[in-house]
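Asks: The structure that follows is given in the form of structure tokens.
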Amino acid sequence: MSKSGIFTSSIAKKYWMALTGLFLITFLIGHLLGNLQLITKTGEEGRRAFNEYAYFMGHNIFIKILAYATYISILAHAILGLYLAVKNKQARPKNYAYNKPSANSGAASRYMAILGTIILVFICTHMANFWYKQKVAETVPLHYVEVKKVQQGQDPQTMQPVTQEYTEIQALTTMGVYFPVGYINPMTNEKEIQIKPEGTKFKDPQSGLVAAEGYRDLHTVVMNFFGQSQQGQPTNEYALIAVILYVVSMFVLMFHLWHGFASAFQSLGLNHRKYNGLISFVGKAFAIVVPLLFAIIPVMIYLNR
Ligand code: HEM
């Protein structure tokens, strides 16, 4: 390949890196707004809002297309970035970086590659913990609530009215209503689900027809992951480690975005003397605010659970 060919193709790669990078920035905004519900809404209302949101994100066709574009962008951005970093290193004369680091644009790309690789590892482990369980393995439990009920009846021997308290298990359904699916056995204190779900669908035991579709309880999975106490389970001893790793990863993301935002505009040729100051300011503000808000989420969950 001619020298100009290599030059053109690396320009093209930088262009695609910038485009995918800016697309991932828009993903971050959407993802942050969705996840902030984890700390802005509390109790059963917060649990319901987040699970309904997660269901919508997984079932809306437009969002699904955006999700695939996100996965492709992450892969393309990472592969192109690593390729350019390796090419940069090979093209650099020996000792240059040590003699004149500030004038060496390759140094920035090398740091970006290291930061980007850490973020890639974060995204892989992060997706294994939530996305994989929700979308692939489908191991996220359904959204159940326990409702205290009072049953009125008559003692057959004494003919006296009797009231009996029991706990009904209801599943939150996509029709927006809670659907009774079982009860808590008073002898064993165990959940007895009578209308068994198949995936997320509840079938009527008599007719076999789908009576309702339930939501998955991703909210509880996230809360149990970062929270010190897990619902219905022993104390979560790994919560603090998870929170620290998330906060450190968000610092890495901060440095990556600090350089990446303005650099994307430059690679796309969208820089203009008049607007460069504004782009740089918005980029740096974004680089600080977005990772900071992401980092606050696990910290708040840890402190409040
Ligand atoms: C620290 C706060 C964060 C929380 C609580 C969080 C939570 C979640 C949850 C619950 C899911 C699964 C959604 C589903 O499958 O329906 C998810 C997916 C995902 N997260 Fe995060 N996330 C956080 C930060 C981040 C960051 C900083 C990034 C990127 C650097 C990221 C990248 C992703 C990606 C790529 C997916 C898959 C998205 C999709 O399938 O549409 N997350 N996150």
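Identifiers in this document derive from the order of the structure tokens: chains are assigned A, B, ..., residues are numbered from 1 separately in each chain, and ligands are numbered from 1 in order of occurrence.
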Fewer than 5 positions away in the same chain doesn't count, so skip those; otherwise give me all residues within 10 Å of His256 (chain A), counting only C-alpha atoms, as a list of chain:residue names.
Replies: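 Near His256 (chain A), the qualifying residues are A:Tyr111, A:Met112, A:Ala113, A:Ile114, A:Leu115, A:Gly116, A:Ile119, A:Met250, A:Phe251, A:Phe261, A:Ala287.
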Asks: Take the residues that were just selected and, keeping N, CA and C atoms, output them as a PDB file, in the first residue's frame.
Replies:
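For reference, selection.pdb as written:
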ATOM      1  N   TYR A 111      -2.151   6.871  25.829  1.00  0.00           N
ATOM      2  CA  TYR A 111      -2.898   6.948  27.096  1.00  0.00           C
ATOM      3  C   TYR A 111      -4.372   6.652  26.856  1.00  0.00           C
ATOM      4  N   MET A 112      -4.896   7.184  25.730  1.00  0.00           N
ATOM      5  CA  MET A 112      -6.311   6.932  25.408  1.00  0.00           C
ATOM      6  C   MET A 112      -6.550   5.439  25.226  1.00  0.00           C
ATOM      7  N   ALA A 113      -5.559   4.746  24.616  1.00  0.00           N
ATOM      8  CA  ALA A 113      -5.711   3.301  24.387  1.00  0.00           C
ATOM      9  C   ALA A 113      -5.715   2.548  25.716  1.00  0.00           C
ATOM     10  N   ILE A 114      -4.847   2.978  26.641  1.00  0.00           N
ATOM     11  CA  ILE A 114      -4.801   2.300  27.956  1.00  0.00           C
ATOM     12  C   ILE A 114      -6.110   2.551  28.712  1.00  0.00           C
ATOM     13  N   LEU A 115      -6.548   3.824  28.727  1.00  0.00           N
ATOM     14  CA  LEU A 115      -7.801   4.161  29.428  1.00  0.00           C
ATOM     15  C   LEU A 115      -8.976   3.428  28.779  1.00  0.00           C
ATOM     16  N   GLY A 116      -8.974   3.420  27.425  1.00  0.00           N
ATOM     17  CA  GLY A 116     -10.056   2.758  26.678  1.00  0.00           C
ATOM     18  C   GLY A 116     -10.111   1.268  26.977  1.00  0.00           C
ATOM     19  N   ILE A 119     -11.750   0.738  30.224  1.00  0.00           N
ATOM     20  CA  ILE A 119     -13.203   0.936  30.099  1.00  0.00           C
ATOM     21  C   ILE A 119     -13.843  -0.282  29.419  1.00  0.00           C
ATOM     22  N   MET A 250     -15.194   4.957  36.775  1.00  0.00           N
ATOM     23  CA  MET A 250     -15.786   6.233  36.345  1.00  0.00           C
ATOM     24  C   MET A 250     -14.713   7.334  36.284  1.00  0.00           C
ATOM     25  N   PHE A 251     -13.669   7.223  37.132  1.00  0.00           N
ATOM     26  CA  PHE A 251     -12.555   8.172  37.035  1.00  0.00           C
ATOM     27  C   PHE A 251     -11.813   7.955  35.718  1.00  0.00           C
ATOM     28  N   PHE A 261     -13.676  13.954  23.809  1.00  0.00           N
ATOM     29  CA  PHE A 261     -14.802  14.749  23.320  1.00  0.00           C
ATOM     30  C   PHE A 261     -14.350  15.762  22.255  1.00  0.00           C
ATOM     31  N   ALA A 287     -17.216  15.588  30.537  1.00  0.00           N
ATOM     32  CA  ALA A 287     -16.276  14.582  31.047  1.00  0.00           C
ATOM     33  C   ALA A 287     -16.305  14.508  32.570  1.00  0.00           C
TER      34      ALA A 287
END
Asks: For region 32-40 of chain A, please output as a list of chain:residue names all residues within 8 Å (counting only C-alpha atoms; exclusion window: fewer than 4 positions along the same chain).
Replies: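 Contacts, in chain order: A:Leu28, A:Gly46, A:Arg47, A:Ala49, A:Phe50, A:Tyr53, A:His219, A:Val290, A:Leu293, A:Phe294, A:Ile297, A:Met300, A:Ile301.
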Asks: Give me, as CSV, the closest atom pair and its distance (Å, one decimal) for every residue of chain A within a cut-off of 7 Å of ligand 1, counting only C-alpha atoms and all ligand atoms, rows sorted by chain and rising number.
Replies:
residue,atom,partner,partner_atom_place_in_ligand_line,distance
A:Leu28,CA,ligand 1,29 (C),6.5
A:His31,CA,ligand 1,21 (Fe),6.6
A:Asn35,CA,ligand 1,5 (C),5.6
A:Ala54,CA,ligand 1,16 (O),4.6
A:Tyr55,CA,ligand 1,16 (O),6.8
A:Met57,CA,ligand 1,16 (O),6.3
A:Gly58,CA,ligand 1,16 (O),5.9
A:Ala67,CA,ligand 1,41 (O),4.3
A:Thr70,CA,ligand 1,35 (C),6.6
A:Tyr71,CA,ligand 1,35 (C),6.6
A:Ile119,CA,ligand 1,30 (C),6.3
A:Ile123,CA,ligand 1,32 (C),5.5
A:His126,CA,ligand 1,20 (N),6.4
A:Met127,CA,ligand 1,19 (C),5.5
A:Phe130,CA,ligand 1,12 (C),4.6
A:Trp131,CA,ligand 1,15 (O),3.7
A:Tyr132,CA,ligand 1,15 (O),6.9
A:Gln134,CA,ligand 1,15 (O),5.1
A:Lys135,CA,ligand 1,15 (O),5.7
A:Leu218,CA,ligand 1,10 (C),6.4
A:Val222,CA,ligand 1,10 (C),6.1
A:Tyr246,CA,ligand 1,1 (C),6.1
A:Met250,CA,ligand 1,27 (C),6.4
A:Leu253,CA,ligand 1,30 (C),6.9
A:Pro291,CA,ligand 1,27 (C),6.7
A:Phe294,CA,ligand 1,1 (C),4.4
A:Ala295,CA,ligand 1,1 (C),5.3
A:Ile297,CA,ligand 1,2 (C),5.7
A:Pro298,CA,ligand 1,1 (C),5.9
Asks: Please dump the current selection as a short mmCIF file (atom, residue, chain, number, x, y, z; two decimals), in the first residue's frame; keep N, CA and C atoms.
Replies:
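To be explicit, this is the file written out as part.cif:
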data_model
loop_
_atom_site.label_atom_id
_atom_site.label_comp_id
_atom_site.auth_asym_id
_atom_site.auth_seq_id
_atom_site.Cartn_x
_atom_site.Cartn_y
_atom_site.Cartn_z
N LEU A 28 -24.34 7.24 26.56
CA LEU A 28 -24.06 7.51 27.98
C LEU A 28 -25.12 8.42 28.59
N HIS A 31 -28.30 6.34 29.03
CA HIS A 31 -28.09 5.32 30.06
C HIS A 31 -28.08 5.96 31.45
N ASN A 35 -30.65 5.26 34.52
CA ASN A 35 -30.13 4.71 35.77
C ASN A 35 -30.30 5.64 36.96
N ALA A 54 -36.83 -0.76 32.12
CA ALA A 54 -35.94 -1.79 31.57
C ALA A 54 -36.70 -2.66 30.55
N TYR A 55 -37.97 -2.93 30.85
CA TYR A 55 -38.79 -3.74 29.93
C TYR A 55 -38.98 -2.98 28.61
N MET A 57 -37.08 -0.68 27.35
CA MET A 57 -35.80 -0.61 26.64
C MET A 57 -35.51 -1.92 25.90
N GLY A 58 -36.00 -3.03 26.44
CA GLY A 58 -35.73 -4.33 25.83
C GLY A 58 -36.77 -4.73 24.80
N ALA A 67 -29.64 -0.23 20.48
CA ALA A 67 -28.80 -1.08 21.33
C ALA A 67 -27.78 -1.83 20.47
N THR A 70 -25.13 0.36 19.49
CA THR A 70 -24.21 0.60 20.62
C THR A 70 -23.16 -0.51 20.71
N TYR A 71 -23.62 -1.79 20.62
CA TYR A 71 -22.66 -2.90 20.72
C TYR A 71 -21.62 -2.80 19.59
N ILE A 119 -11.75 0.74 30.22
CA ILE A 119 -13.20 0.94 30.10
C ILE A 119 -13.84 -0.28 29.42
N ILE A 123 -16.82 -2.46 30.81
CA ILE A 123 -18.09 -2.71 30.11
C ILE A 123 -18.38 -4.21 30.03
N HIS A 126 -19.39 -5.39 33.47
CA HIS A 126 -20.66 -4.73 33.78
C HIS A 126 -21.82 -5.41 33.04
N MET A 127 -21.60 -5.72 31.75
CA MET A 127 -22.66 -6.36 30.96
C MET A 127 -22.89 -7.79 31.45
N PHE A 130 -25.26 -7.51 34.60
CA PHE A 130 -26.65 -7.08 34.46
C PHE A 130 -27.27 -7.48 33.12
N TRP A 131 -26.69 -7.00 32.04
CA TRP A 131 -27.26 -7.20 30.71
C TRP A 131 -27.40 -8.70 30.38
N TYR A 132 -26.34 -9.48 30.64
CA TYR A 132 -26.34 -10.91 30.32
C TYR A 132 -27.45 -11.64 31.10
N GLN A 134 -30.18 -10.34 32.32
CA GLN A 134 -31.51 -9.86 31.92
C GLN A 134 -31.89 -10.35 30.53
N LYS A 135 -30.94 -10.27 29.59
CA LYS A 135 -31.29 -10.49 28.19
C LYS A 135 -30.91 -11.86 27.65
N LEU A 218 -35.13 -6.35 37.54
CA LEU A 218 -33.74 -5.92 37.38
C LEU A 218 -33.35 -4.95 38.50
N VAL A 222 -29.90 -5.00 40.74
CA VAL A 222 -28.92 -3.90 40.86
C VAL A 222 -28.76 -3.50 42.33
N TYR A 246 -16.45 0.41 40.58
CA TYR A 246 -17.27 1.27 39.72
C TYR A 246 -16.78 2.71 39.79
N MET A 250 -15.19 4.96 36.77
CA MET A 250 -15.79 6.23 36.34
C MET A 250 -14.71 7.33 36.28
N LEU A 253 -13.10 6.73 33.01
CA LEU A 253 -13.99 7.24 31.96
C LEU A 253 -13.86 8.77 31.85
N PRO A 291 -19.52 11.09 34.30
CA PRO A 291 -18.97 10.01 35.13
C PRO A 291 -19.24 10.23 36.62
N PHE A 294 -22.69 9.02 37.28
CA PHE A 294 -22.68 7.55 37.22
C PHE A 294 -22.11 6.98 38.52
N ALA A 295 -21.01 7.61 39.02
CA ALA A 295 -20.33 7.10 40.22
C ALA A 295 -21.21 7.26 41.46
N ILE A 297 -24.36 6.85 41.70
CA ILE A 297 -25.43 5.84 41.77
C ILE A 297 -25.05 4.66 42.68
N PRO A 298 -23.92 3.93 42.40
CA PRO A 298 -23.59 2.82 43.30
C PRO A 298 -23.29 3.27 44.73
#
Asks: Which is closest to Ser73 (chain A) among A:Gly21, A:Pro205, A:Gly30, A:Pro186, if we use only C-alpha atoms?
Replies: A:Gly21
Asks: Could you tell me how far CA of Asp155 (chain A) sits from CA of Thr188 (chain A), in Å to one decimal place?
Replies: 23.8 Å
Asks: Using the chain letters and numbers from this document, which residues of region 17-199 of chain A does DSSP assign to helix (DSSP H, G or I), as a VMD selection string?
Replies: chain A and resid 17 to 40 43 to 59 61 to 91 96 to 99 101 to 103 105 to 129 131 to 136
Asks: Between A:Val145, A:Gly260, A:Pro156, A:Lys89, which residue has the minimum interatomic distance to Glu45 (chain A), considering only C-alpha atoms?
Replies: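 Using only C-alpha atoms, the shortest distance to Glu45 (chain A) belongs to A:Val145.
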